[in-house]
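Data from coords_32.txt: compact mmCIF, C-alpha atoms
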# COMPACT_ATOMS: atom_id res chain seq x y z
CA MET A 1 -3.84 18.06 0.80
CA GLN A 2 -1.75 19.15 -2.13
CA PHE A 3 -0.29 17.30 -5.07
CA LEU A 4 2.81 18.30 -7.01
CA ASN A 5 1.27 17.58 -10.42
CA ASP A 6 -1.49 15.74 -12.25
CA GLU A 7 0.53 12.54 -12.45
CA GLU A 8 0.74 12.39 -8.65
CA VAL A 9 -3.03 12.94 -8.34
CA TYR A 10 -3.80 10.12 -10.77
CA GLN A 11 -1.28 7.82 -9.05
CA VAL A 12 -2.88 8.37 -5.63
CA ILE A 13 -6.42 7.98 -6.97
CA GLY A 14 -5.55 4.88 -8.99
CA SER A 15 -3.76 3.13 -6.14
CA ASN A 16 -6.66 3.89 -3.81
CA ILE A 17 -9.22 2.54 -6.25
CA LYS A 18 -7.17 -0.67 -6.43
CA TYR A 19 -6.82 -0.76 -2.63
CA PHE A 20 -10.56 -0.39 -1.99
CA ARG A 21 -11.43 -2.79 -4.83
CA GLU A 22 -9.19 -5.46 -3.28
CA MET A 23 -10.59 -4.73 0.20
CA SER A 24 -14.05 -5.36 -1.29
CA GLY A 25 -12.87 -8.71 -2.65
CA LEU A 26 -13.53 -7.72 -6.27
CA THR A 27 -11.41 -8.42 -9.32
CA GLN A 28 -10.91 -5.76 -11.96
CA ILE A 29 -13.34 -7.63 -14.19
CA GLN A 30 -16.03 -7.73 -11.50
CA LEU A 31 -15.69 -4.04 -10.68
CA ALA A 32 -15.64 -3.04 -14.35
CA GLU A 33 -18.84 -5.03 -14.90
CA LYS A 34 -20.55 -3.37 -11.93
CA LEU A 35 -19.47 0.05 -13.21
CA GLN A 36 -20.32 -0.80 -16.83
CA ILE A 37 -16.89 0.38 -18.00
CA SER A 38 -14.27 -1.53 -19.94
CA ILE A 39 -11.69 -3.59 -18.10
CA SER A 40 -8.95 -1.80 -20.05
CA TYR A 41 -10.19 1.60 -18.79
CA LEU A 42 -10.25 0.40 -15.17
CA SER A 43 -6.84 -1.20 -15.61
CA LYS A 44 -5.39 2.06 -16.94
CA ILE A 45 -6.91 4.03 -14.06
CA GLU A 46 -5.34 1.67 -11.50
CA ALA A 47 -1.95 1.44 -13.24
CA THR A 48 1.10 2.99 -11.60
CA GLY A 49 2.19 6.01 -13.58
CA CYS A 50 -1.26 6.42 -15.08
CA THR A 51 -1.95 9.76 -16.68
CA LYS A 52 -5.45 8.74 -17.77
CA SER A 53 -7.89 11.37 -16.64
CA LEU A 54 -11.28 10.38 -15.34
CA SER A 55 -14.39 12.40 -14.72
CA ILE A 56 -15.74 13.27 -11.31
CA SER A 57 -18.86 11.38 -12.34
CA VAL A 58 -16.89 8.16 -12.94
CA LEU A 59 -14.94 8.64 -9.72
CA ASN A 60 -18.19 9.16 -7.81
CA HIS A 61 -19.68 6.02 -9.39
CA ILE A 62 -16.62 4.01 -8.35
CA ALA A 63 -16.84 5.40 -4.79
CA ASN A 64 -20.53 4.53 -4.53
CA THR A 65 -19.97 1.04 -5.94
CA LEU A 66 -17.14 0.38 -3.48
CA ASP A 67 -19.12 2.04 -0.66
CA VAL A 68 -16.41 4.56 0.21
CA ASN A 69 -16.32 8.35 0.40
CA ILE A 70 -15.02 9.93 -2.76
CA THR A 71 -12.51 11.89 -0.67
CA ASP A 72 -10.90 8.59 0.41
CA PHE A 73 -9.44 8.32 -3.09
CA PHE A 74 -7.31 11.42 -2.49
CA GLN A 75 -5.62 10.19 0.72
CA ARG A 76 -2.02 9.08 0.49
CA ARG A 77 -1.45 5.62 1.91
CA THR A 78 1.89 4.39 3.23

Just give me the structure as structure tokens.
Amino acid sequence: MQFLNDEEVYQVIGSNIKYFREMSGLTQIQLAEKLQISISYLSKIEATGCTKSLSISVLNHIANTLDVNITDFFQRRT
């Protein structure tokens, strides 16, 4: 898979985090608490048009908490 630019990567990742969070029945507050990150940070990550970078470590922690493969965050959904 290829992305045109960083903004597209962050958009896909953020929308997938939101998708899997909602599929898990968690609110942003609940997920942020489980991850021990601020709600504002999680909100920025999930926001459309987000250019907020996140570390592989944080992304891996989110994947483990949501019980998904980290690679699932890079898949485009229609």

Padding 3 Å on each side, edges along x, y and z: where is the centre of the box around the listed atoms of stretch 65-78 of chain A, and how long are its edges in Å to one decimal? Output it as AutoDock Vina command-line options.
--center_x -9.0 --center_y 6.1 --center_z -1.4 --size_x 27.9 --size_y 17.5 --size_z 15.2

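You can rank A:Thr65, A:Thr48, A:Ser55, A:Asn16 by their closest distance to A:Glu33 using all atoms listed in the file, and at the top of that list sits A:Thr65.
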
Selected residue, from A:Val58, A:Ser40, A:Glu46, A:Asn5, that lies nearest to A:Tyr19 when counting all atoms listed in the file = A:Glu46

task = Select, from A:Leu66, A:Arg77, A:Lys44, A:Tyr10, the residue with the minimum atom-to-atom distance to A:Gln30, counting all atoms listed in the file.
result =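 Closest residue, counting all atoms listed in the file: A:Leu66.
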
request  = Might you pull out every residue within 10 Å of A:Ala47, with all atoms listed in the file counted and same-chain residues fewer than 3 positions away left off, and present them as an MDAnalysis selection string?
outcome  = chainID A and resid 10:11 14:15 18 41:44 50:52
